[in-house]
Every structure is written in structure tokens, then in C-alpha cells.
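This is model_38.tsv (TSV, C-alpha atoms).
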chain	number	residue	atom	x	y	z
A	1	MET	CA	84.75	74.60	122.57
A	2	ARG	CA	87.47	76.79	124.04
A	3	LEU	CA	87.40	80.51	124.74
A	4	LYS	CA	88.45	82.31	121.58
A	5	ARG	CA	90.03	85.13	123.55
A	6	LYS	CA	93.23	85.87	125.43
A	7	ASP	CA	91.66	87.54	128.47
A	8	LEU	CA	88.62	87.44	130.74
A	9	LEU	CA	87.75	91.06	131.42
A	10	GLY	CA	83.99	91.11	131.96
A	11	ILE	CA	80.67	89.32	131.55
A	12	GLU	CA	79.70	92.05	129.10
A	13	ASP	CA	82.28	90.68	126.63
A	14	LEU	CA	81.04	87.08	126.75
A	15	SER	CA	78.38	85.41	124.61
A	16	CYS	CA	75.82	82.99	126.04
A	17	GLU	CA	77.80	80.17	124.43
A	18	GLU	CA	80.98	81.27	126.21
A	19	LEU	CA	79.15	81.62	129.52
A	20	ASP	CA	77.73	78.12	129.09
A	21	THR	CA	81.19	76.78	128.27
A	22	ILE	CA	82.78	78.22	131.40
A	23	ILE	CA	79.93	77.07	133.66
A	24	SER	CA	79.81	73.54	132.24
A	25	THR	CA	83.61	73.26	132.46
A	26	ALA	CA	83.47	74.39	136.09
A	27	GLU	CA	80.86	71.70	136.81
A	28	SER	CA	83.28	69.06	135.56
A	29	PHE	CA	86.13	70.43	137.71
A	30	LYS	CA	84.14	70.36	140.98
A	31	GLU	CA	84.95	66.68	141.36
A	32	VAL	CA	88.69	67.44	141.65
A	33	SER	CA	88.12	69.25	144.96
A	34	THR	CA	86.49	66.17	146.48
A	35	ARG	CA	89.50	63.88	145.90
A	36	ASP	CA	92.03	62.91	148.53
A	37	ILE	CA	94.72	64.38	146.26
A	38	LYS	CA	93.15	67.57	144.97
A	39	LYS	CA	95.29	68.13	141.91
A	40	VAL	CA	95.35	67.45	138.17
A	41	PRO	CA	98.41	67.97	135.92
A	42	THR	CA	96.54	69.94	133.27
A	43	LEU	CA	98.46	73.23	133.59
A	44	ARG	CA	101.79	71.95	134.88
A	45	GLY	CA	104.52	74.42	133.99
A	46	LYS	CA	102.16	77.42	133.77
A	47	THR	CA	102.59	80.43	136.06
A	48	VAL	CA	99.79	82.60	137.47
A	49	ILE	CA	100.45	85.91	139.25
A	50	ASN	CA	97.77	87.33	141.57
A	51	LEU	CA	98.20	91.11	141.59
A	52	PHE	CA	95.75	92.55	144.12
A	53	TYR	CA	95.61	96.29	144.76
A	54	GLU	CA	92.62	95.86	147.10
A	55	PRO	CA	92.07	93.62	150.14
A	56	SER	CA	90.58	90.21	149.45
A	57	THR	CA	90.07	86.91	151.26
A	58	ARG	CA	87.77	84.70	149.17
A	59	THR	CA	88.71	85.85	145.68
A	60	ARG	CA	92.48	85.88	146.09
A	61	THR	CA	92.59	82.58	147.97
A	62	SER	CA	90.21	81.01	145.47
A	63	PHE	CA	92.35	82.01	142.49
A	64	GLU	CA	95.48	80.69	144.23
A	65	ILE	CA	93.87	77.35	145.11
A	66	ALA	CA	92.41	77.04	141.60
A	67	ALA	CA	95.83	77.52	139.99
A	68	LYS	CA	97.49	75.03	142.31
A	69	ARG	CA	94.81	72.40	141.80
A	70	MET	CA	95.54	72.65	138.07
A	71	SER	CA	99.26	72.18	138.91
A	72	ALA	CA	100.14	75.73	137.85
A	73	ASP	CA	102.55	77.80	139.95
A	74	ALA	CA	100.77	80.63	141.78
A	75	VAL	CA	102.56	83.78	142.94
A	76	ASN	CA	100.82	86.35	145.13
A	77	ILE	CA	101.92	89.99	144.98
A	78	SER	CA	101.09	92.14	148.00
A	79	VAL	CA	100.93	95.68	146.70
A	80	SER	CA	101.64	97.13	150.14
A	81	THR	CA	105.09	95.50	150.10
A	82	SER	CA	105.82	95.95	146.38
A	83	SER	CA	107.42	98.71	144.33
A	84	VAL	CA	104.00	100.33	143.98
A	85	VAL	CA	104.63	102.09	147.31
A	86	LYS	CA	107.74	103.62	145.70
A	87	GLY	CA	105.67	105.21	142.95
A	88	GLU	CA	105.80	102.54	140.24
A	89	THR	CA	102.87	102.78	137.82
A	90	LEU	CA	100.43	99.97	137.14
A	91	LYS	CA	101.73	99.60	133.59
A	92	ASP	CA	105.36	99.43	134.70
A	93	THR	CA	104.55	96.92	137.42
A	94	ALA	CA	102.74	94.70	134.94
A	95	LYS	CA	105.42	94.99	132.24
A	96	ASN	CA	108.12	94.05	134.76
A	97	LEU	CA	106.09	91.06	135.90
A	98	GLU	CA	105.54	90.00	132.28
A	99	ALA	CA	109.30	90.12	131.71
A	100	MET	CA	109.42	87.11	134.05
A	101	ASN	CA	107.22	85.22	131.53
A	102	PRO	CA	104.07	84.39	133.49
A	103	ASP	CA	101.15	82.88	131.61
A	104	CYS	CA	98.44	84.86	133.38
A	105	ILE	CA	98.07	87.92	135.59
A	106	VAL	CA	94.96	88.07	137.78
A	107	ILE	CA	94.33	91.67	138.83
A	108	ARG	CA	92.04	93.38	141.31
A	109	HIS	CA	92.14	97.18	141.24
A	110	SER	CA	90.12	100.06	142.63
A	111	CYS	CA	90.03	101.78	139.23
A	112	ALA	CA	87.50	100.65	136.63
A	113	GLY	CA	89.22	99.58	133.43
A	114	ALA	CA	92.59	98.66	134.98
A	115	PRO	CA	92.46	95.04	133.66
A	116	HIS	CA	91.52	96.33	130.19
A	117	LEU	CA	94.55	98.62	130.22
A	118	LEU	CA	96.87	95.74	131.04
A	119	ALA	CA	95.28	93.48	128.42
A	120	ARG	CA	96.22	95.99	125.72
A	121	TYR	CA	99.90	95.98	126.71
A	122	LEU	CA	100.57	92.42	127.88
A	123	ARG	CA	101.06	89.27	125.83
A	124	CYS	CA	100.02	87.00	128.70
A	125	SER	CA	96.40	86.46	129.68
A	126	VAL	CA	94.73	88.95	132.02
A	127	VAL	CA	91.84	88.00	134.31
A	128	ASN	CA	89.70	90.64	135.97
A	129	ALA	CA	89.25	89.86	139.68
A	130	GLY	CA	87.27	93.06	140.21
A	131	ASP	CA	87.85	96.58	138.87
A	132	GLY	CA	86.36	99.45	140.83
A	133	ALA	CA	82.57	99.49	140.59
A	134	HIS	CA	82.71	98.11	137.05
A	135	GLU	CA	82.75	94.29	136.90
A	136	HIS	CA	83.64	91.11	138.78
A	137	PRO	CA	83.15	88.42	136.11
A	138	THR	CA	84.25	85.30	137.98
A	139	GLN	CA	81.91	86.18	140.88
A	140	ALA	CA	78.97	86.34	138.49
A	141	LEU	CA	80.02	83.05	136.92
A	142	LEU	CA	80.16	81.27	140.28
A	143	ASP	CA	76.81	82.81	141.21
A	144	MET	CA	75.28	81.48	137.99
A	145	LEU	CA	76.77	78.04	138.60
A	146	THR	CA	75.36	78.01	142.14
A	147	VAL	CA	71.88	78.97	140.96
A	148	LYS	CA	71.98	76.41	138.15
A	149	GLU	CA	72.90	73.64	140.59
A	150	LYS	CA	70.06	74.48	142.95
A	151	LYS	CA	67.34	75.46	140.48
A	152	GLY	CA	68.33	73.12	137.66
A	153	THR	CA	68.23	75.92	135.11
A	154	LEU	CA	69.55	79.38	134.31
A	155	LYS	CA	66.43	80.50	132.48
A	156	GLY	CA	63.04	81.86	133.46
A	157	LEU	CA	64.01	82.88	137.00
A	158	ARG	CA	63.33	86.01	139.03
A	159	ILE	CA	66.62	87.28	140.45
A	160	VAL	CA	66.48	90.05	143.08
A	161	ILE	CA	69.67	91.98	143.93
A	162	VAL	CA	69.39	94.08	147.09
A	163	GLY	CA	71.59	96.85	148.44
A	164	ASP	CA	74.37	99.11	147.26
A	165	ILE	CA	73.85	98.69	143.51
A	166	ALA	CA	75.69	101.87	142.59
A	167	HIS	CA	79.04	100.76	143.98
A	168	SER	CA	78.77	97.02	143.35
A	169	ARG	CA	80.75	95.42	140.53
A	170	VAL	CA	79.12	92.14	141.58
A	171	ALA	CA	75.67	93.59	140.89
A	172	ARG	CA	76.68	94.86	137.47
A	173	SER	CA	78.19	91.55	136.34
A	174	ASN	CA	75.23	89.56	137.67
A	175	ILE	CA	72.66	91.83	136.04
A	176	ILE	CA	74.37	91.37	132.68
A	177	GLY	CA	74.93	87.63	133.14
A	178	PHE	CA	71.49	86.59	134.39
A	179	SER	CA	69.61	88.85	131.98
A	180	ARG	CA	71.65	87.37	129.12
A	181	PHE	CA	69.83	84.07	129.77
A	182	GLY	CA	66.39	85.67	129.75
A	183	ASN	CA	65.84	85.94	133.49
A	184	GLU	CA	63.96	88.80	135.13
A	185	VAL	CA	66.53	90.70	137.18
A	186	ARG	CA	65.28	93.15	139.80
A	187	VAL	CA	67.35	95.60	141.81
A	188	VAL	CA	66.22	97.27	145.00
A	189	GLY	CA	67.91	99.61	147.46
A	190	PRO	CA	67.93	103.19	148.72
A	191	PRO	CA	67.35	105.62	145.81
A	192	THR	CA	70.80	107.09	146.52
A	193	MET	CA	72.32	103.66	145.79
A	194	ILE	CA	70.51	103.02	142.51
A	195	PRO	CA	72.50	104.54	139.63
A	196	PRO	CA	70.55	106.38	136.91
A	197	GLY	CA	70.09	104.32	133.77
A	198	ILE	CA	70.76	100.96	135.44
A	199	GLU	CA	67.74	99.57	133.58
A	200	GLU	CA	69.77	99.71	130.37
A	201	LEU	CA	71.78	96.72	131.64
A	202	GLY	CA	68.62	94.60	131.59
A	203	CYS	CA	66.99	94.96	135.02
A	204	ARG	CA	63.91	96.43	136.71
A	205	VAL	CA	64.18	98.89	139.58
A	206	PHE	CA	62.02	98.36	142.67
A	207	THR	CA	61.69	100.88	145.50
A	208	GLY	CA	60.30	98.49	148.11
A	209	MET	CA	62.05	95.31	149.13
A	210	ASP	CA	58.89	93.46	150.13
A	211	ASP	CA	57.37	93.81	146.66
A	212	ALA	CA	60.63	92.80	145.00
A	213	ILE	CA	61.08	89.51	146.87
A	214	ARG	CA	57.45	88.37	147.04
A	215	ASP	CA	57.77	85.98	144.06
A	216	ALA	CA	61.58	85.76	143.84
A	217	ASP	CA	63.49	82.60	142.98
A	218	VAL	CA	66.86	84.03	144.06
A	219	ILE	CA	67.69	86.86	146.47
A	220	MET	CA	71.21	88.24	146.37
A	221	MET	CA	72.15	90.49	149.28
A	222	LEU	CA	74.98	93.02	148.94
A	223	ARG	CA	77.25	94.65	151.47
A	224	ILE	CA	77.19	98.44	151.86
A	225	GLN	CA	80.48	99.50	150.30
A	226	LEU	CA	81.39	102.39	152.57
A	227	GLU	CA	84.96	102.43	151.20
A	228	ARG	CA	83.62	103.57	147.80
A	229	GLN	CA	81.17	106.14	149.12
A	230	LYS	CA	82.41	109.71	149.26
A	231	ALA	CA	79.49	110.81	151.45
A	232	PRO	CA	76.85	109.03	153.57
A	233	LEU	CA	74.02	107.79	151.33
A	234	PHE	CA	71.53	106.76	154.04
A	235	PRO	CA	70.52	108.19	157.43
A	236	SER	CA	71.69	105.32	159.64
A	237	VAL	CA	72.67	101.66	159.59
A	238	ARG	CA	69.64	100.88	161.75
A	239	GLU	CA	67.25	102.44	159.23
A	240	TYR	CA	69.00	100.74	156.31
A	241	SER	CA	68.67	97.37	158.02
A	242	ARG	CA	64.98	97.96	158.76
A	243	LEU	CA	64.16	98.85	155.14
A	244	TYR	CA	66.58	96.69	153.16
A	245	GLY	CA	67.88	94.01	155.51
A	246	LEU	CA	66.89	90.37	155.15
A	247	ASP	CA	65.75	88.68	158.35
A	248	THR	CA	63.48	85.70	158.98
A	249	ASP	CA	60.32	87.84	159.08
A	250	ARG	CA	61.01	89.39	155.69
A	251	LEU	CA	62.17	86.09	154.25
A	252	SER	CA	58.77	84.60	155.10
A	253	MET	CA	57.27	86.84	152.40
A	254	ALA	CA	59.29	85.08	149.71
A	255	PRO	CA	58.43	81.68	148.15
A	256	ARG	CA	59.35	78.56	150.14
A	257	ASP	CA	61.91	77.48	147.53
A	258	VAL	CA	63.78	80.78	147.39
A	259	VAL	CA	67.57	80.69	147.73
A	260	ILE	CA	69.86	83.32	149.26
A	261	LEU	CA	73.21	84.45	147.85
A	262	HIS	CA	75.80	86.89	149.16
A	263	PRO	CA	79.23	87.58	147.59
A	264	GLY	CA	80.79	88.34	150.97
A	265	PRO	CA	82.07	89.62	153.21
A	266	ILE	CA	78.87	89.60	155.24
A	267	ASN	CA	77.93	92.34	157.68
A	268	ARG	CA	75.72	90.29	159.97
A	269	GLY	CA	72.77	92.20	161.36
A	270	VAL	CA	73.01	94.89	158.68
A	271	GLU	CA	72.07	93.55	155.24
A	272	ILE	CA	71.42	89.99	156.46
A	273	SER	CA	70.63	88.43	159.82
A	274	PRO	CA	72.71	85.54	161.19
A	275	GLU	CA	69.64	83.28	161.13
A	276	VAL	CA	69.22	83.81	157.37
A	277	ALA	CA	72.93	83.71	156.53
A	278	ASP	CA	73.32	80.37	158.31
A	279	GLY	CA	69.85	79.05	157.51
A	280	PRO	CA	68.57	76.38	155.10
A	281	TYR	CA	67.91	78.83	152.27
A	282	SER	CA	71.47	80.14	152.22
A	283	LEU	CA	73.88	79.09	149.46
A	284	ILE	CA	76.67	81.39	150.62
A	285	LEU	CA	79.20	78.64	151.32
A	286	ASP	CA	78.21	76.87	148.11
A	287	GLN	CA	79.23	80.05	146.30
A	288	VAL	CA	82.67	79.88	147.88
A	289	THR	CA	83.08	76.23	146.89
A	290	ASN	CA	81.98	76.95	143.34
A	291	GLY	CA	84.39	79.87	143.11
A	292	VAL	CA	87.34	77.48	143.05
A	293	ALA	CA	85.77	75.38	140.27
A	294	VAL	CA	84.91	78.43	138.17
A	295	ARG	CA	88.45	79.81	138.43
A	296	MET	CA	89.90	76.41	137.57
A	297	ALA	CA	87.71	76.45	134.46
A	298	VAL	CA	88.84	79.97	133.52
A	299	PHE	CA	92.51	79.01	133.80
A	300	TYR	CA	91.91	75.82	131.82
A	301	LEU	CA	90.09	77.63	129.00
A	302	LEU	CA	92.55	80.54	128.80
A	303	LEU	CA	95.92	78.95	129.44
A	304	GLY	CA	96.01	76.10	127.00
A	305	GLY	CA	94.32	73.11	128.53
A	306	ALA	CA	91.37	73.42	126.16
A	307	ARG	CA	93.55	74.42	123.20
A	308	GLU	CA	95.73	71.34	123.60
A	309	GLY	CA	92.63	69.18	123.81

Could you express the structure from this file as C-alpha cells?
Amino acid sequence: MRLKRKDLLGIEDLSCEELDTIISTAESFKEVSTRDIKKVPTLRGKTVINLFYEPSTRTRTSFEIAAKRMSADAVNISVSTSSVVKGETLKDTAKNLEAMNPDCIVIRHSCAGAPHLLARYLRCSVVNAGDGAHEHPTQALLDMLTVKEKKGTLKGLRIVIVGDIAHSRVARSNIIGFSRFGNEVRVVGPPTMIPPGIEELGCRVFTGMDDAIRDADVIMMLRIQLERQKAPLFPSVREYSRLYGLDTDRLSMAPRDVVILHPGPINRGVEISPEVADGPYSLILDQVTNGVAVRMAVFYLLLGGAREG
């Protein structure tokens, strides 16, 4: 099966069959990254442009490496040194880039819906690398792959997402993705960081972290996204850490086979202690590794590798 779509804009748009296809394809591509020569010729001659309007380390680098390992040409656009600073609109920037005939534009933007806007105007594929507080589909896909590898399944699990739910596109995509497979998804955080109506996405809201993690299979910790908050939403970092931080004492309340995820970047000592982040339950670096494989799979399924097959 290939993806019967031009773009990857959100988990919300994907069926379970499409999610399975991307994840299983990513599993097959993981082997490429273990070779001495980490490259396959599958997308030779294709061009990918990474257009990032927000700072990024893992996501941008992962997309670039994924394209290059598929033998595509990857071009990174730094918005701070582009014509955007001269007043060029997002649409004009994208249309000018498309005039150079790329095959895919990967975009991260602070405004929700920016990738969807481009997808309506551009002939090339558009991949959402994070839009505002809306979605981050490839992050959810790599999280699902990581959980599947460790737990052996993507069904019947209790997934707990802790922290700044209101401003987290990662939380939104993961709630939709994991609940799509019939898992119980729980969210917990300060009431000011839990958006009204979040249950409609397929999750349960918990007020206390201890109750939420007591029988959890997966705990996903989130960073406080101060850059998206217009006003302080909690009294102090110290109090937040005491109530919603994950340290070894709190982790001892969870089952012995629990696993810990974090999309990064980590604020050590705030939402997660160094001992937990670097401990045996942590799959944080596995997530980073799987991010390359997932993005290789997305390029393969969108840019013609699967179609040619």
C-alpha cells in the first residue's frame, strides 16, 4: 500500500491503515541507519526543502538526514536570513520555492494551519513539521513506533501525557494517534494547561499525577512551552516540578515495566529529573533514532518510491 494523498498534514487525517503503513515502512528503513554506508538510491533526483519558521534541532536535522539517506537533495531555509525578514508572505515564499521545482516542502510554523494553507496552493508535497499548538504528525508517528518496539503492540495500553497539554501539538497528535488504536490515553497537568473539551479527542483528564501513572504502560513528559504562553499559568517552576515533575520517587509508583518518553528539548529538573531521563526506563534517545526512520518512510510513501514499486 502507498499513501493515497499528496501531503502529510496531521494524524487526524490518517486512517489506522495509513498509520500502520507508515510505521511498518519505518521499521523496514531502520536497518539503513545501521549500515556502514547509510544511503539507499530510492529517491535519487528528488528535492526536499526544509522551511522552518521556528527553532528546531531534532526535527529539522532528522528531516534533513532522512532525505539524504534516501539519496534526495535536502535544502534548509533559515527564515531569519531569508526574504521573510523583508516582509514576504508565507504564500509568496512557498510559491517562489515551488518555482524551483522541489518535490516536497517540509514546514514548521508558529501559526496553526500554515501547512494546510500551503497544501492548497502548491503542487509539490507538503509535510507538517509542527504548526502552532495544532499538530506534529511525524513526532506522534515516531512515538508510536517507539512504543510498538518496546511493548510489542499498539493496542490495549494506558498512555499518560503529562504537562502543558494546552500548548502542545505533540500532545494533540499523540492523543489522536494512540486513541485511534484503542488505547486509553490520559492527560494530566495544571488545570490552566488543560484545554476545555480535550476529552473530545479521545482522552481522559486526570487532576493528580500519582493517580494517572499508577497503572500506566507509557508516560510521556512534556516541556512547559513558555514561548506560547501569554501569561504565567502556574505559581512557580518549583511548585510545578513538585506536582507534575517525574523523579525516581514518583516513578516508583508506576509499574515496573513502564517506559518514559519525551519529545524534547528536556528541561532537566523541571518536568523530568536527570536520573529518570537517563535511566533504564527512558526511551528518549530511541525516539530520536526512530524519528529518522519515520521521516524516511514519509518521504518514500509521498515522493514516489512506493508508487514506482

Name the residues, using the chain letters and numbers of the file, that sit within 7 Å of (98.8, 86.7, 129.9) when counting only C-alpha atoms, and give them as a list of chain:residue names. A:Pro102, A:Asp103, A:Cys104, A:Ile105, A:Leu122, A:Arg123, A:Cys124, A:Ser125, A:Val126

Write out as a PyMOL selection string which residues come within 7 Å of Leu283 in chain A when counting only C-alpha atoms, dropping same-chain ones fewer than 3 positions away. chain A and resi 259-261+286-287

Might you pull out every residue within 10 Å of range 15-18 of chain A, with all atoms listed in the file counted and same-chain residues fewer than 4 positions away left off, and present them as a list of chain:residue names?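 Contacts, with the query itself left out: A:Met1, A:Arg2, A:Leu3, A:Lys4, A:Ile11, A:Ile22, A:Ile23, A:Ser24, A:Gly177, A:Arg180, A:Phe181.
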
I'd like to know which of A:Ala129, A:Leu117, A:Leu157, A:Val48 is closest to Glu64 in chain A, using all atoms listed in the file.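 Answer, going by the shortest atom-to-atom distance: A:Val48.
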
Pick from A:Ile219, A:Ala133, A:Leu251, A:Met209 nearest to Pro195 in chain A, counting only C-alpha atoms: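 Smallest distance to Pro195 in chain A is found for A:Ala133.
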
In file coordinates, which residues lie within 8 Å of (78.6, 93.2, 130.5) using all atoms listed in the file, given as a PyMOL selection string? chain A and resi 10-14+135+172-173+176-177+201

Give the answer as one residue: which of A:Arg186, A:Tyr121, A:Met296, A:Leu142 has the shortest atom-to-atom distance to Ala212 in chain A, using only C-alpha atoms?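 Going through A:Arg186, A:Tyr121, A:Met296, A:Leu142 one by one, the smallest distance to Ala212 in chain A is for A:Arg186.
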
Report, in Å with one decimal, the straight-line distance from CA of Pro190 in chain A to CA of Asp210 in chain A.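 Between these atoms lies a distance of 13.4 Å.
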
Using Å and a single decimal, report how far CA of Val188 in chain A sits from CA of Ile161 in chain A.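 These two atoms are separated by 6.4 Å.
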
CA of Ile77 in chain A and CA of Ile266 in chain A are how many Å apart?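 According to the coordinates, CA of Ile77 in chain A and CA of Ile266 in chain A are separated by 25.2 Å.
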
Of the listed residues A:Thr138, A:Asn174, A:Ser56, A:Thr89, that which approaches Arg295 in chain A most closely, counting all atoms listed in the file: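 Selected residue with least distance to Arg295 in chain A: A:Thr138.
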
Non-local contacts of His136 in chain A (12 Å; all atoms listed in the file; under 2 positions in same chain excluded) as a PyMOL selection string: chain A and resi 8-12+59+106-110+112-113+115+127-134+138-143+167-177+263

Please, could you write that set of residues out with C-alpha atoms as a CSV table (one decimal), keeping the file's coordinate frame?
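again20.csv, written as the output of this step:
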chain,number,residue,atom,x,y,z
A,8,LEU,CA,88.6,87.4,130.7
A,9,LEU,CA,87.8,91.1,131.4
A,10,GLY,CA,84.0,91.1,132.0
A,11,ILE,CA,80.7,89.3,131.6
A,12,GLU,CA,79.7,92.0,129.1
A,59,THR,CA,88.7,85.8,145.7
A,106,VAL,CA,95.0,88.1,137.8
A,107,ILE,CA,94.3,91.7,138.8
A,108,ARG,CA,92.0,93.4,141.3
A,109,HIS,CA,92.1,97.2,141.2
A,110,SER,CA,90.1,100.1,142.6
A,112,ALA,CA,87.5,100.6,136.6
A,113,GLY,CA,89.2,99.6,133.4
A,115,PRO,CA,92.5,95.0,133.7
A,127,VAL,CA,91.8,88.0,134.3
A,128,ASN,CA,89.7,90.6,136.0
A,129,ALA,CA,89.2,89.9,139.7
A,130,GLY,CA,87.3,93.1,140.2
A,131,ASP,CA,87.8,96.6,138.9
A,132,GLY,CA,86.4,99.4,140.8
A,133,ALA,CA,82.6,99.5,140.6
A,134,HIS,CA,82.7,98.1,137.0
A,138,THR,CA,84.2,85.3,138.0
A,139,GLN,CA,81.9,86.2,140.9
A,140,ALA,CA,79.0,86.3,138.5
A,141,LEU,CA,80.0,83.0,136.9
A,142,LEU,CA,80.2,81.3,140.3
A,143,ASP,CA,76.8,82.8,141.2
A,167,HIS,CA,79.0,100.8,144.0
A,168,SER,CA,78.8,97.0,143.4
A,169,ARG,CA,80.8,95.4,140.5
A,170,VAL,CA,79.1,92.1,141.6
A,171,ALA,CA,75.7,93.6,140.9
A,172,ARG,CA,76.7,94.9,137.5
A,173,SER,CA,78.2,91.6,136.3
A,174,ASN,CA,75.2,89.6,137.7
A,175,ILE,CA,72.7,91.8,136.0
A,176,ILE,CA,74.4,91.4,132.7
A,177,GLY,CA,74.9,87.6,133.1
A,263,PRO,CA,79.2,87.6,147.6

So, with all atoms listed in the file as the atoms that count, which of A:Met253, A:Ile224, A:Val276, A:Val292 lies closest to Lys38 in chain A? A:Val292

Polymer residues at most 7 Å from Asp164 in chain A, all atoms listed in the file, same-chain spacing of 4 or more positions, as a PyMOL selection string: chain A and resi 168+189+193+222-225

I'd like to know which of A:Val294, A:Val160, A:Ile198, A:Leu303 is closest to Arg214 in chain A, using all atoms listed in the file. A:Val160

Write out as a short mmCIF file (atom, residue, chain, number, x, y, z; two decimals) with C-alpha atoms, in the coordinates of the input each polymer residue whose atoms come within 8 Å of Asp217 in chain A, counting all atoms listed in the file; drop sequence neighbours fewer than 5 positions from it.
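File written: out.cif
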data_model
loop_
_atom_site.label_atom_id
_atom_site.label_comp_id
_atom_site.auth_asym_id
_atom_site.auth_seq_id
_atom_site.Cartn_x
_atom_site.Cartn_y
_atom_site.Cartn_z
CA LEU A 157 64.01 82.88 137.00
CA ARG A 158 63.33 86.01 139.03
CA ILE A 159 66.62 87.28 140.45
CA PRO A 255 58.43 81.68 148.15
CA ASP A 257 61.91 77.48 147.53
CA VAL A 258 63.78 80.78 147.39
CA VAL A 259 67.57 80.69 147.73
#
